[in-house]
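Below: one structure, written as structure tokens.
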Amino acid sequence: MSALTNKYAFAKKEILKIISAIAVLALVSVFYYFHIRKEALHVAGKRAEATLKNTEMMIHIRTGKIETVVNSIKPMVEYAIDDPDAMFDIARHTVESSSRIMGSGIAFKEGYYPEKGRWFEVYVGYQKGDDTLVARQIGGPSHDYLQMDWFQEGMASEKGIWSDPYYDNAGGKTFLMTYSAPVRDKTGEVVGLIGADVAIDTLVSIIRSIKLYPNSFCTLVAGDGTTLVPPPSKTPKGRCHVFSEKIDGKNMTLTITIPDADMYKRLRRSSLFFALLVMTGILAVFFIAYRSVQNLWKLNEVRAKEQHIEDELAIARDIQQSLLPSGLPNNLANGLDISGLQIPAKFVGGDLYDYYVRDGKLLFCIGDVSGKGVPAALLMAIAHSLFRTLSARDDRPDSIVQALNATISDNNPDIMFITMFLGAMDLSTGKICYCNAGHNPPILIKGGHADYLNTEPSLLLGVDACAKYTAHEMILAPGDTLLLYTDGLTEAENEQKELFGEERTLDAAASVGAMVAREQLAQLHKAVQQFVNQAEQSDDLTLLAIRYLGHTNTLTLTNNIRELDKLEPFLDAFFEQENLDKSLMPQINLALEEAATNVIMYAYPEGEKGAAELTLEVVKGQICATISDTGVPFNPLEQKEADLDVSLEERQIGGLGIHLIKEIMDEVRYAHEEGRNVLKMRKKLAVSS
Amino acid sequence: MNINITEEGNTITAAFDGRLDTVAAQQIAETIEPLMQHADQNILLDCEKMPFISSSGLRIFLKIRKEVAAKGGKMYLKNVCPDVMQVFKMTKLDGIFEIIA
């Protein structure tokens with residue numbers, strides 16, 4: 001459940017990452033789009049400006065021609081200044097000089113020609129409806145040009161000036177502009193003006209021809225707001241941008257109108273492409289992210305599976321460890337001190353050891369299955385149960401090994417094999433009968449000396465079902481240790497790939513001779529660990545130390561109530577050893593338990609560690625038991641006994657124990673000797689049958 | 001040491017299985033609690049599978065006996081083996097416990 005929740009939480013996290021990445025991408029794209037848009041507008045503006053300048057120049061060129069015509073004719077006027085009637089021909093000549101000139105006038109200041117009166121303005125223009133030129137004097141009260149702006153401004157100008165566009169009501173019904181240049185007399189004084197009228201619609205073609213964008217258009221507007229060149233009848237819809245330019249020297253403004261649709265057309269196309277690209281990218285990101293999330297899920301699943309396998313292996317390890325004997329409770333009573341140690345290189349190992357006591361004999365084995373891990377562990381479990389089964393009804397190592405080998409060899413499809421050292425020790429004598437099936441020779445430790453057991457090995461197990469195995473014998477003297485091990489000891493590797501080796505093994509073994517078995521193994525393990533240091537354990541390490549104590553009649557109990565569990569096996573072994581009638585055992589057991597309980601419960605102050613030492617002897621047909629301790633001096637015999645004669649209700653529950661001891665034993669004595677409480681008890685034995 | 005407690009009618013039977021030695025006596029203090037609670041009824045201690053009893057074990061029996069006496073019930077013992085009987089005799093409890101065949 002939690003794995004699933006994790007899965008979604010995990011995906012959510014990943015998706016959030018992707019979404020924020022996409023959001024950033026989108027934001028950048030939008031920002032980029034508006035930036036490009038601004039650029040496009042800027043470019044359009046520049047283009048419009050250039051076009052407008054260009055158009056203005058074209059207008060200047062066209063009007064410049066008119067200026068040239070007028071300025072070239074002006075000297076003729078000045079030349080003929082004394083002959084007013086010549087002006088008609090000059091004006092006609094002006095009109096004829098250019099097809100664009102619609103009319104030409106020459107006007108003089110008030111009363112310049114006295115004979116002509118106050119006004120004199122010659123005008124030549126086309127007659128309405130045909131191409132005939134008509135020349136006449138038009139100045140007069142009805143046409144008082146002297147008061148008109150164009151005349152006054154023209155007279156005041158240094159060179160020539162253009163008039164504002166104006167609508168020609170009289171002539172061509174069109175917009176006109178007039179260029180007027182001052183005319184001077186011989187003295188250089190300005191006396192009149194020569195002008196040429198130009199139809200503005202001659203500019204229309206120029207303006208209309210400007211096509212900056214497919215749907216852009218230009219207009220020309222006079223200073224007073226009159227439209228000179230109107231927009232086309234079909235104007236584009238939608239938002240537009242308008243750029244304008246005032247034409248130098250003429251009171252007109254040229255505008256260019258660009259529809260946004262045109263301006264951003266390329267941008268739209270490229271941004272569409274860009275958006276497509278981004279979308280593809282996002283899809284690709286999604287796809288990749290989905291795949292990687294999927295992969296991560298898979299990885300998580302694999303991890304979970306691995307964890308599951310690891311958990312199972314841990315259980316397998318526990319099971320395997322539980323197969324190992326956890327020490328005999330009656331070790332010491334049997335005259336035996338034995339301890340085993342196993343450290344698998346992997347979760348489960350292919351090493352095995354086992355031992356147990358049956359009918360006064362210690363049956364033991366140590367083995368090493370080829371390979372490591374689960375397969376080796378399984379074969380190890382089989383070998384272990386075979387050892388138990390076979391040794392339950394047979395105590396001859398050679399025949400046990402032979403049967404074991406036959407079974408394993410018959411069912412060995414993967415050709416795995418086992419080396420094994422199997423033995424049976426007579427606990428009363430220390431004699432060991434053993435069979436070595438290709439296993440490392442054990443080490444015999446005598447005091448401070450250690451040596452390999454010189455033994456002829458037989459074939460290892462699992463190779464030949466018919467192999468014959470032979471047994472050998474040896475004696476383990478009291479105090480000696482037989483150290484059995486697997487190659488995990490001798491072949492332990494350090495980081496320099498050096499082996500612990502036989503020499504170091506012997507040295508380490510020799511140094512532990514005086515210790516109890518458990519200590520011996522702890523010490524050996526420490527020695528190997530120090531040698532191996534940080535290197536990974538390469539093989540399973542198994543050690544089994546069998547230390548023979550000879551016969552002892554002493555049992556030490558620490559002041560823990562659970563220690564009393566050792567009493568019965570100890571007594572059992574003692575009765576067996578001395579071949580005593582066991583019918584007495586329950587009573588002796590009860591008396592000794594009561595005495596030991598007293599010591600354990602009361603001899604030492606709460607929390608202080610101490611021990612009770614029990615010694616048994618058979619002297620002159622009597623069993624003599626001595627219990628001593630180093631606790632507070634206390635004579636239990638002086639304690640008030642339970643008064644058995646008063647009624648139950650009046651009885652103190654207590655004092656029963658000491659009463660039982662006295663009842664059972666024939667003699668009970670207390671003494672405080674050399675700092676010890678010593679309780680001696682004797683019981684006459686019945687004659688054994 | 002295991003104690004199997006069963007109820008039949010108004011008789012509670014406690015079957016002792018194992019040695020009632022000092023260690024066991026310490027462990028069963030809680031196990032016998034139901035017996036103490038039903039001390040107003042008949043309590044039958046079945047000693048068939050109890051080969052050994054120590055003074056601590058005797059104290060357990062005496063405690064039950066005391067509770068029974070106080071609450072008005074009865075305590076019986078049955079199937080007492082000779083070794084345990086010997087202990088009862090040594091402590092004169094054979095005259096106090098009601099031992100049935």
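Residue numbers start at 1 in each chain; chains themselves are named A, B, ... in the order of the structure tokens; ligands are numbered from 1 in the order shown.
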Check your understanding: Near Val84 of chain B, counting only C-alpha atoms, which residues have an atom at most 12 Å away, once you skip same-chain residues fewer than 6 positions from it, shown as an NGL selection string?
Key -> (:A and (586-587 or 590)) or (:B and (19-21 or 47-55 or 57-58 or 77-78 or 90-91 or 93-94 or 99))
Exercise for review: Write down as a VMD selection string the residues belonging to segment 7-100 of chain B that are assigned helix (DSSP H, G or I) by DSSP computed on the backbone.
Suggested key: chain B and resid 22 to 27 33 to 37 55 to 71 82 to 90 93 to 95
Exercise for review: Check the DSSP output for the backbone and give back, as a PyMOL selection string, the residues of segment 70-223 of chain A in strand (DSSP E).
Suggested key: chain A and resi 101-108+120-126+133-137+161-162+166-167+175-184+190-199+217-222
Review point. Taking only C-alpha atoms into account, which of B:Lys89, B:Leu45, B:Asp40, B:Gly95 comes nearest Asn10 of chain B?
Key: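 Ranking B:Lys89, B:Leu45, B:Asp40, B:Gly95 by distance to Asn10 of chain B, first place goes to B:Asp40.
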Check your understanding: Given the choices A:Ile475, A:Cys218, A:Leu460, A:Leu592, which gets closest to chain B if the distance is worked out from only C-alpha atoms?
Key ->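 Between A:Ile475, A:Cys218, A:Leu460, A:Leu592, the residue approaching chain B most closely is A:Leu592.
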**Study point:** Exercise: His38 of chain B partners within 12 Å, only C-alpha atoms, chain neighbours under 4 positions left out, as an MDAnalysis selection string
**Key:** chainID B and resid 5:7 10:14 32:34 42:44 64:65 67:75
**Study point:** Å distance separating atom CA of Ala437 of chain A from atom CA of Leu459 of chain A, one decimal place
**Key:**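 Going from atom CA of Ala437 of chain A over to atom CA of Leu459 of chain A, I get 5.3 Å.
Using only C-alpha atoms for every distance, the candidate list A:Ser583, A:Gln294, A:Thr55, A:Thr542 yields A:Ser583 as the residue closest to chain B.
By chain and then residue number, the residues within 9 Å of Ala156 of chain A are Phe151, Gln152, Pro182 and Val190 of chain A, counting only C-alpha atoms and disregarding those fewer than 4 positions away in sequence.
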Using the selection just defined, write its residues with N, CA and C atoms as a short mmCIF file (atom, residue, chain, number, x, y, z; two decimals), in the first residue's frame.
```cif
data_model
loop_
_atom_site.label_atom_id
_atom_site.label_comp_id
_atom_site.auth_asym_id
_atom_site.auth_seq_id
_atom_site.Cartn_x
_atom_site.Cartn_y
_atom_site.Cartn_z
N PHE A 151 -0.54 85.35 -53.10
CA PHE A 151 0.17 86.48 -53.73
C PHE A 151 1.08 87.18 -52.75
N GLN A 152 0.51 87.45 -51.59
CA GLN A 152 1.30 88.17 -50.57
C GLN A 152 2.50 87.32 -50.13
N PRO A 182 8.90 84.69 -57.53
CA PRO A 182 8.88 86.16 -57.65
C PRO A 182 9.60 86.65 -58.92
N VAL A 190 11.19 92.99 -56.34
CA VAL A 190 10.15 92.02 -56.67
C VAL A 190 8.92 92.80 -57.10
#
```
